[in-house]
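Have a look at the structure below before the remarks.
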Amino acid sequence: MADPELEAIRQRRMQELMAQRGMGSHQNPEQQKGQEEAKREAEEQRQMMLSQILTSEARARVARIALVKPDKARGVEDIILRAARMGQITEKVTEERLITLLEQINTQTTKETKVTIQRRPSVLDDD
């Protein structure tokens, strides 16, 4: 019953299942390095594309937004990159154009705040 080939198959399958569930960090160190390298390379390419599309003032504004709201800055970058890939952006995006884009995004994603005040009945209140 102690077949080494069968045991190797079981071990490999267990690692695959753990990796799918995110439980296992038993990935091959070479695979982890490769994934990290691919992520870093994709981020470098993204920043390079943004530097070609945005003016320096617009890049500075996006960087300031990223300090406060990283998810919002990432969304704005995604929108700009998508528009550039589709050919909707023909010239560099200036800070003014970025501001109008941010205002449009804010009007679309504005959440309405509703405050409800409930007063507790007091002992001294007469009904």
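Note on naming: chains are A, B, ... as they come in the structure tokens, residues start from 1 per chain, ligands start from 1 in the order shown.
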
*asked:* What parts of chain A does DSSP call helix (DSSP H, G or I)? I'd like the answer as JSON, numbers by chain.
replied: {"A": [4, 5, 6, 7, 8, 9, 10, 11, 12, 13, 14, 15, 16, 17, 18, 19, 20, 21, 29, 30, 31, 32, 33, 34, 35, 36, 37, 38, 39, 40, 41, 42, 43, 44, 45, 46, 47, 48, 49, 50, 51, 52, 53, 56, 57, 58, 59, 60, 61, 62, 63, 64, 65, 66, 67, 68, 70, 71, 72, 73, 74, 75, 76, 77, 78, 79, 80, 81, 82, 83, 84, 85, 95, 96, 97, 98, 99, 100, 101, 102, 103, 104, 105, 106, 107, 108, 109]}

_Who sits within 10 Å of stretch 64-79 of chain A, only C-alpha atoms, same chain under 4 positions skipped, as an NGL selection string_ = :A and (46-47 or 50 or 54 or 58-60 or 83-85 or 98 or 101-102 or 105-106)

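Here the question is which of A:Gln45, A:Thr55, A:Gln118, A:Gln35 gets nearest to A:Val93 using only C-alpha atoms, and that residue is A:Thr55.
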
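Distances from A:Thr94, A:Met18, A:Arg13, A:Asn28 to A:Ile53 were compared using only C-alpha atoms, and the smallest one belongs to A:Thr94.
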
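If only C-alpha atoms are the atoms counted, then among A:Lys33, A:Ala8, A:Ala19, A:Gln52 the closest residue to A:Glu91 is A:Gln52.
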
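We find atom CA of A:Ile89 and atom CA of A:Lys111 to be spaced 28.7 Å apart.
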
*Counting only C-alpha atoms, which of A:Arg82, A:Lys114, A:Arg97, A:Lys92 gets nearest to A:Ser51?*
A:Lys92

*Could you tell me how far atom CA of A:Gly34 lies from atom CA of A:Leu17, in Å and to one decimal?*
20.4 Å
